[in-house]
Structures are given as C-alpha cells and as structure tokens.
Amino acid sequence: MDPSDVLHDYRVDREPYYRPQTDEVELFLAAYEKRLPVMLKGPTGCGKSRFVEYMAWKLGRPLLTVACNEDMTAADLVGRWLLDTDGTRWQDGLLTLAARHGGICYLDEIVEARQDSTVVIHPLTDHRRQLPLDKKGELVQAHPDFQLVISYNPGYQSVMKDLKQSTKQRFTAFRFDYPSPDVEAEILVRETGIDPATASPLIELAKSARRLKGHGLDEGISTRLLVYAASLMAGGVPAARACRMALVDPLTDDDDIRATLEHAIDALFP
Amino acid sequence: MPCSPDPGSAPPDTPDTDRLTEDWRRRFDCAFDTAQSIFADCLTAAQEQLGGASVAAYVDAARFLCKLGRGAEPVLAFLEGWPAIGALLGPGSLEIVLAWVRTIQRTSNGDVLGAFFQALPATATSLGSRELLEAYLELLTEVAQRSSVSIHRGHAILPSQALPELVRIAPRLLQQVNLQGLRTWAAHGLRHYARNPERQAGYFAMRSADSRALFQSQRQGTLLRTHERPMDLYLRALWDDPVALISYSEAFDELRRPQPYADARGFHLPDLRVDRDGVSGLDQYRLILAHLAAHRRFTRSLTADNVSPFRRLCIETFEDARVDTLLLKRFPGLRRPLLALHPRPEEHACDPARESCIRHRLTMLSRAILDPDHGYRNPLILKFTGAFHERLRQTAGDTSDMVELATEYLIESRLPSDAFANIRFADTEVPYRDDNRHLWHFIEIDDASDFDAASGPAPAAQSSVVYHYPEWDYTTQSYLADWVSLYEHLHPRGQGEDIERLLHKHAPLVKRLERVLARLTPQDRERLRRQEDGSELDLDWAVRSWIDRRSRRTCDQRVNQSFRQVRRDLAVSLLLDLSASLQDPVRGGDSTQTILSLAQEAVALLAWAIDRLGDPFAIAGFHSNTRHEARYWHIKGFSEAWRDEPRARLAALEAGYSTRMGVALRHAGHYLSGQKKDKRLLLILTDGQPADIDVSDPDLLLNDARQAVLELERDGILCHCISLDPHADDYVRKIFGKQFSIIDRVERLPERLPEIFLTLTT
C-alpha cells in the first residue's frame, strides 16, 4: 500500500462481474482516452453503476461515487470549512478529491440533486478542466487522469427534475436498457447460480411487467430485482414466494397491477 | 272455502277407477269445460306425486279457485302445475299459497292470480323451499299494497300495474339473484316510481335502463365492469396485445346463452361471472382472455364455404385444443383452472342408439388432449390424442394441421346417429372457449360492403361529455348504480376584460392581499443561520465565536448554517353552485348586484390570489335539471394558465336550475384526484342546500352529498364549503362536518373568499 495514495480506499480491487450488452466497453475506453465526460442514461437497475465500477477496475482508476439527493449542496461536492482546535480547516469534497488526485468521479442519479448545486461541475467538463474553490480562493487544475461520469434515469422523474441543457451538452452519452432476454438469463445464472430453466420464467415475468410501464407502473422490473428474486430462489425460497417478495411488492401498491403480476406468477410457475 | 260435507277424508276406496275419479270430480264441482277436460290426467299426476290426504286438499283447493270468479285460468294453471310444486316444497305449502290467494282476492289485484299460477311452477323451482316461498309471497303482498293506486288515501281502487309484471318476470330473475336481491330490486322500483304507475310497471317488466342497472348490481359474481382495468393490464402484460373489451349480458337473453367471441371491435365477454368449480370469476375472465389472445396469436382463419357443419365443429375442437395446449406450454400454471373448467364427460354417458354423440365425443377428445390423466379407453380417442401430440412435438403446428387431423377423425369416428336432431349437450360446453367466429371467413359474391359507408355521415362531434355517477340512497344504505347523468361542457366565453375591471374595483383589497401573498409566496430556499448542526459553516458566526473563545468568553456553539426547502404542494378545485337562486339580488345592495355577480368578483379575486401563489387550480360550475341532466361547466382546468380564455369564461357565468351537489362533488373529485400533490382541496361555493325538482325527499340529496364528501375524504381530498346562506349551519354541518364557513353578509364575499382560502392553506 502506497501511503501517498490518498484515494486508496476508492480503488476497485476485484473485477466486478459485468456482461457487456454491445460495444459500450470499447466506447468508454475511447472516451476515457480523450477524457471526455460521460453520461449514462437508462432505467433503474439495468447495470449503469455496475458498468462504471467495471470500467474503473479495467482502467485501474479509483472510483469516487456520490449518490445525489435533494439535500446535497455544492459544498458536499466541492468541500467546506470545518472547525477544529486550531481554527478553521478546509475539507475537500469528493469532486475536488477526484480532480486533485486523478480519480473517476461518478455522480449517481444527478437529477436528484438541485440544479444550482450541479452547476459547479461545469468548469470541469469543458476545455478548462479546472475547479475553482471560491470559498477557499483556490483554483484546482484537474489531474490528467480525472474523469467525470454522471448517470440519470430519464424515465420517472418529473419535468422539474430534468437536466439543464447547459449541463447535458457537456457530456457524451450511453443509453442503457434492460438486457436482451438471453443476456439477462446469462446474468441471472452467473450471479446467483440458478439453473437456466428456472431463469426463463423469471425473465418472462419481467417482460410482462415491463409492458405495464406507463399503465400504472413507473418502471418495469429491473435486472437488479430479478437478481434478488433469483438469489432468494437459489437459497431455497419457493419460486412464487420469492417473486412476490422481490418482484411484485417492491414495485407497486396498485391492487390491480399486483393482482395481474401475481396472476402472471401463478401462470408462469406451475 | 270448500263446501264439501267431509273435507278432510278421502272418498270411499273402490276398485273401479272411473267411479273413483267420478267421486273426485263431484267433489271438484267446477263448471269450466276446459278444467273438466284435464281433470282426470291432473288427478292421476297428483295421486302419483302427492298421495293420501294431500290429494283431497289439492282437489278442494282447485274447487276453491274455480269458484273465485277469476275465470278458468287460475284453476287450469293450478291443476297442471301443483302436483310437481307440492312434491317439491312438501306439505304445508298449499295452505301458505291459499292464504295468500285469499288475501289478494279481497283486493283490487285479484286478476293477477292467473299469471301467478302460470308462473308458480318455475318460481317454486327457483325458490326451492317453503320458507322462501312464504317470503316471496310476502314480497308480492307488499308490492301489491304499495303499487296500487289509492284515492284519498282510502282503499286501493285501481289494481297495481307492477304486480303482474313482477309475477311474470320473477322466475327468470330468481335464477340470477337470490330472494334478498329481488326484494332490494323491487324496493327501488316501489320507491322511485311511486307516483308514476306506467313507468313503475316498465321498471318491473325490466324495460327501463334503471331497472336493468339496479338488477345488475344485485347479481352475485364478478362484474366485468369493475374489473376492466385488471383485464386490460392482463392482456398488456402477459400477451402484449391490448384489445378493447366489450361486455354483453347473459341476464336478458332467454333463447340461448351467448358465448364469448372476438371480432373487429374487440373481445366480447359476459358481463358477470360467478365462481364455479373452485375458479374465481376473475380467473375465469383471465382464462377467456388467454384463450382469445392465444387464438389471435396462433390461429389462421379458414374459408368456411363448402365445409360441413360437423367438419367445422371438428376443426374448431382440434384448433381449440391446439391453442389451449400452446397456452399451457407458455403458462403452465393455468393448467389447474383450465382443467377445472373443462368438462370431463363420462365415457359411456351418451347412447349412440338414441341421441347424437358428436359433441360428447369431441369434448372427450379435447379433454384427453389437455389432461394426461383423462382415463378414457376409447381406441379412437387414444389414437388421435397420440397423433395430435405427435404433430405438436416439434413445432407449434398450425391451423391447417388441425384441419387434416379433424377431417381424419371425423371420417373414422362417424356414426349414423350423428345426424339425429337430439344432440347430447350435457357436459360438452367449455365455458372459457369462444364461439370461434374469427376462425371462419365466407366468400360471398356481391358482398354489400359499401353498405356501411353509405349509411350516412358520422355524427358530428358532441360538445359535451357524458358521465354516469351513482347516488347514495340513505333509506336503503346502498348506491343507485349509474343514477345521475352528468354532462360536462366548456363554459361559453364572455368578455375577459370584465374580470380585469372587477380587480380594479377592489383595488384596496387587492393591495392588502398582495402584502399577505408576498409573505406566503414560497422563497423556495431559505437560509437558516446560527444552527448547531448544518450543512455549512456560517463563517461570520464562526469567526465571532472563535474570537469569544480566544478572549476566554463563553462561545456560542451555533456556528453552522443550513438551508430549508419551502414549497407549497397543493392543488385546489373550486366548485361554484350555479343554481337559479344565485340570480337573487343582494339584500341591501343596489338592484343590479346579484349574488352571482358577487360570486364572480370573489372568484376573480381568489383566482388571482391562487395564481400569484403558483398553486395549480381548477374552476367549474354546476347545476342540474333532474338526475338525467346534471351539468358541469368547465371554466378553468388545472393545466390552463389564468389568462384571457378562462377569465372570459368566468365573465360569462349564468345561473339556472337546481343544486345536485353530490354528483358535482364526485366529478370535481375525479379531476382533483388526478393531481399528484400532497394536499388536495375542494372548495365549494353554494347558497343553499342540495335540492332538485325530481326529488321530493330533501334528505336524499343531503345524504348523498354527505356520502360524496366521505368518499372524497377517503381519497385524501379535503372538502370545504363556503355557504352564503346565513341559516345554513344545520345542513352544512351535516354534509361537511366541521369543514365549512358561512358568510352572513354576502356583500363581503369578495373579501372573505381569498381570506378563507389563505387561512385554509397556511
């Protein structure tokens, strides 16, 4: 362990399992080569965060993830003054940390953050690649290895929570979707060890639920939930019970939809 | 009363049957030739089925009916029908019926007896027990009393028109509802058409739409109407094939029971399904849909010309079986309900010497294909079951494979008796299957396909949308289904500038409100300084506290700052009563000022205020002219901006008709519940209590409005009433509980309305 490696805790040591859907790995490598900021779009639980983790491992860069939320302020990203025994002390935020020491900063679900907090990323995402810390009076020049990745889910948020055009137009984008049925089956088998024959009705069920999007469901069943269900089943929980627990109840409180999905479970698992 | 000298005992026992019959005939003592002609046969039937003393009672009762003076019909129907009824309901039932006959005979309704005895066999079969018969007769007595027209509240003079209709229709209705349901249905008819005998008779004859709707609500089972959404979701989710669902009723089709079917308009399903064989009504609907959707996916249509009916039946059976097999392959969990509904005919139940067994045979074959444990031994069935599965082993097969198989099967299994008119139907109807009309197309020359196109232009777009809402009937504690027809219109436009002028008129008030509003308008993000915990250091306070500490004074720990979101999450709907009383001039005001014009001013001010605050709001007006014509005037929708268009509509407000509040509340609530907000507020501005010209009981609409408010509260909508009637306390409290404000001095309305709104929402 190198004591000078400030970002040691953020390194990805073990290869995460990621099953490429198309050529996204090559494209990401190309974008990183030019240090272009990257935006990942797609429904929840389709593998966006796993992809970033995998790319960080592949590139050997530390990954600093910020889960954005409404209460997040610019100070959380950039840094703030703190008090200690000798007076005030400056504490770098995660974005500053990544920019100073050369990591991949991943702002997950960026639209959840308030728009005025996210404008601080602007100077880092164009030709300047610098981060002004106005409260400290410092201008951080980004490390050559630094890259910014953001993710957002265009599906369910309201118009109020869309990204500003000025933010959008600073990124290259990957559009993610749920994997194709055979890829998804492969993922389930690989992640949980269930046999492929059990995986196929699960995927059929997910397809059914995804068709209800916009008819009372905000989002279809994600691959992540499918993995949950499959791991419950691999652990010995009966199929119908596992599906209800992992795929129906988390998804909806609408009685009609629940009844339809439960019927689908009964119909698919004899 | 029977006049025989010895009513209880049987006539002397002699071996001569003719003489015996003669004795009975003498005791019967009836002058109608028609009755005499059937007497001997009916007597034999009675002796077989009733026996002993009951026969004597039977003949005495017939004699009594003969001498009532109501013609031959009652006695004829009684003679023919009673032996079976008496056997079914047991001893004692005759006395009950005769007691009722004596009661009704004394009223003006005695003529109903003919129809009564005609319908009695079928009614008794549906009722099935003596106790229920007794209760049914009580119902008839009540209907007779309450539907006979009386004059000067004295004796009934004119006979009831409703009673004969009820007596005639009861057997059919009792097949679908229990006696309690029939009683509720009849009670509605008695109450709601109490003053209109012709329409009441129409109700009891099931000729009016109300009658049908109310009857439907009494039927037991799963109603398609209430499950349309789950069905739609089901088709979407499991089949990715949304198709329109259209319901047909099985209740009113007497000749034959319609089957589900698919055509260009969509899937046609029965309106109601009762649980059977352990399969819930909902699951039955899903199975029907699954079968139809599977047909749509897997079936190719065939030319029907030159295909014999038997061959068609055969092909349909094979195709149905194929579609079901593919269905089960895809959804193995449907096997249990599907097999529970599919009949399993006994192998030797049909005798080919006496009846046509074609349907029986085909149903067995279909069962054998779907159910591996069918247990049939017929070699042909086993052979074709094997052949069927062989064809479907590799591929999904297609319809033409089934045509070949079906033709082979028909040739090999043909029997001379197949052509008999007497076809065995028992155990051959598969309830979830459709009539396969989509499978066949006919090549017809000179097809009049232009006919529809030439039948005239499509009706012009309607300017109103019709909704049907139920109304709460507090006397029976139940909803009257689809009772009120509500027409929604866009309110006509007037001069938008008038509203501007009104605001100018209230300039001082506007100025005062503006100050209040400025305070209330959300700042969105508020900074909270001097916090012990916070997101950031408040540098000013931190430095001050640091200095305190260095100079050894007590230092203040509150050196952080944080931010707070300030947001109003509220949707408001404002409902205006536009009944005729709003045109009354304001007491003490100048003659041109009506309550309506004041309401206009008040609403203009309120709308201006809400608009300033940025809350989404809608405005609508309502009035009604009987339950068939409730009007809902759209003035401003949630998504419309408060600009010229809605202002112009507000300027053109007009008043008329009555106040049917419940339906308007329900409709406004319908729109408001679509707003995804934390708080939803429904304000209703009214000047009197709910009333309409077709309702004589003032409590009815009052209770309906109360019920509507409760419904809205259940959906998370707060209702608040602003009443302009100074004496409203009593009834407004009944409807709205504590949620009301009364404005005693109407002229202060423009000032009070925005105030009330602001107090409610801050």
# chains A, B, ... in the order shown; residues from 1 in each chain; ligands from 1
call {"tool": "residues_around", "arguments": {"residues": "B:Glu640", "least_positions_apart": "6", "cutoff": "9 Å", "atoms": "only C-alpha atoms", "output": "PyMOL selection string"}}
result
chain B and resi 616-618+646
call {"tool": "write_last_selection", "arguments": {"atoms": "C-alpha atoms", "output": "PDB file, in the first residue's frame"}}
result
ATOM      1  CA  PRO B 616     -52.460  24.562  -9.596  1.00  0.00           C
ATOM      2  CA  PHE B 617     -56.189  25.198  -9.501  1.00  0.00           C
ATOM      3  CA  ALA B 618     -59.350  24.453 -11.440  1.00  0.00           C
ATOM      4  CA  PRO B 646     -60.624  31.137 -18.511  1.00  0.00           C
TER       5      PRO B 646
END
call {"tool": "interface_residues", "arguments": {"of": "chain B", "to": "chain A", "cutoff": "8 Å", "atoms": "only C-alpha atoms", "output": "list of chain:residue names"}}
result
B:Arg229, B:Pro230, B:Leu233, B:Tyr234, B:Arg236, B:Ala237, B:Leu238, B:Trp239, B:Asp240, B:Arg330, B:Phe331, B:Pro332, B:Gly333, B:Leu334, B:Arg335, B:Ser535, B:Glu536, B:Leu537, B:Trp546
call {"tool": "residues_around", "arguments": {"residues": "A:Gln169", "least_positions_apart": "4", "cutoff": "12 Å", "atoms": "only C-alpha atoms", "output": "list in words"}}
result
Leu36, Pro37, Val38, Met39, His122, Thr125, Asp126, Leu163, Lys164, Gln165 and Ala173 of chain A
call {"tool": "residues_around", "arguments": {"residues": "B:Asp744", "least_positions_apart": "2", "cutoff": "9 Å", "atoms": "only C-alpha atoms", "output": "JSON, numbers by chain"}}
result
{"B": [723, 724, 725, 726, 727, 742, 746, 747, 748]}
call {"tool": "write_last_selection", "arguments": {"atoms": "N, CA and C atoms", "output": "compact mmCIF listing (two decimals), in the first residue's frame"}}
result
# COMPACT_ATOMS: atom_id res chain seq x y z
N SER B 723 -70.65 28.72 2.46
CA SER B 723 -72.08 28.87 2.23
C SER B 723 -72.50 30.32 2.37
N LEU B 724 -73.38 30.74 1.48
CA LEU B 724 -73.87 32.11 1.52
C LEU B 724 -75.24 32.19 2.20
N ASP B 725 -75.68 31.04 2.68
CA ASP B 725 -76.99 31.00 3.32
C ASP B 725 -76.77 31.17 4.82
N PRO B 726 -77.24 32.30 5.39
CA PRO B 726 -76.96 32.57 6.82
C PRO B 726 -77.57 31.51 7.73
N HIS B 727 -78.55 30.77 7.24
CA HIS B 727 -79.19 29.77 8.11
C HIS B 727 -78.72 28.37 7.76
N ILE B 742 -69.48 30.04 6.93
CA ILE B 742 -70.71 30.68 6.49
C ILE B 742 -70.48 32.17 6.40
N VAL B 746 -73.37 38.72 2.57
CA VAL B 746 -72.96 38.29 1.24
C VAL B 746 -72.06 39.33 0.58
N GLU B 747 -72.34 40.61 0.85
CA GLU B 747 -71.57 41.65 0.15
C GLU B 747 -70.09 41.62 0.53
N ARG B 748 -69.76 40.89 1.60
CA ARG B 748 -68.35 40.82 1.97
C ARG B 748 -67.64 39.61 1.34
call {"tool": "residues_around", "arguments": {"residues": "A:Ile150", "least_positions_apart": "5", "cutoff": "8 Å", "atoms": "only C-alpha atoms", "output": "mmCIF file with C-alpha atoms, in the first residue's frame"}}
result
data_model
loop_
_atom_site.group_PDB
_atom_site.id
_atom_site.type_symbol
_atom_site.label_atom_id
_atom_site.label_comp_id
_atom_site.auth_asym_id
_atom_site.auth_seq_id
_atom_site.Cartn_x
_atom_site.Cartn_y
_atom_site.Cartn_z
ATOM 1 C CA VAL A 38 -19.659 10.603 -19.843
ATOM 2 C CA MET A 39 -23.351 10.446 -19.090
ATOM 3 C CA LEU A 40 -25.169 7.120 -18.544
ATOM 4 C CA TYR A 106 -19.322 9.265 -10.507
ATOM 5 C CA LEU A 107 -22.389 11.387 -9.717
ATOM 6 C CA ASP A 108 -25.164 8.824 -9.446
ATOM 7 C CA GLU A 109 -28.747 9.979 -10.224
ATOM 8 C CA ILE A 110 -27.593 13.532 -10.784
#
call {"tool": "select_by_dssp", "arguments": {"residues": "stretch 93-308 of chain B", "states": "alpha helix (DSSP H)", "output": "PyMOL selection string"}}
result
chain B and resi 93-105+113-127+130-147+162-174+179-192+197-204+209-218+228-234+281-298
call {"tool": "residues_around", "arguments": {"residues": "B:Leu76", "least_positions_apart": "2", "cutoff": "9 Å", "atoms": "only C-alpha atoms", "output": "number ranges by chain"}}
result
B: 34-35, 38-39, 62, 66, 72-74, 78-81, 114, 117-118
call {"tool": "write_last_selection", "arguments": {"atoms": "C-alpha atoms", "output": "compact mmCIF listing (two decimals), in the first residue's frame"}}
result
# COMPACT_ATOMS: atom_id res chain seq x y z
CA THR B 34 -111.57 -26.89 -20.05
CA ALA B 35 -110.86 -27.66 -16.40
CA ILE B 38 -107.83 -32.06 -17.99
CA PHE B 39 -109.01 -33.02 -14.53
CA ALA B 62 -108.94 -26.40 -7.18
CA CYS B 66 -112.79 -22.40 -9.66
CA ALA B 72 -110.70 -20.56 -15.78
CA GLU B 73 -107.03 -19.57 -15.97
CA PRO B 74 -106.06 -19.83 -12.30
CA PHE B 78 -103.10 -24.75 -10.66
CA LEU B 79 -104.37 -28.17 -11.71
CA GLU B 80 -101.46 -28.64 -14.06
CA GLY B 81 -98.70 -27.13 -12.01
CA GLY B 114 -103.96 -16.33 -13.47
CA PHE B 117 -100.35 -19.71 -11.08
CA GLN B 118 -98.87 -19.76 -14.58
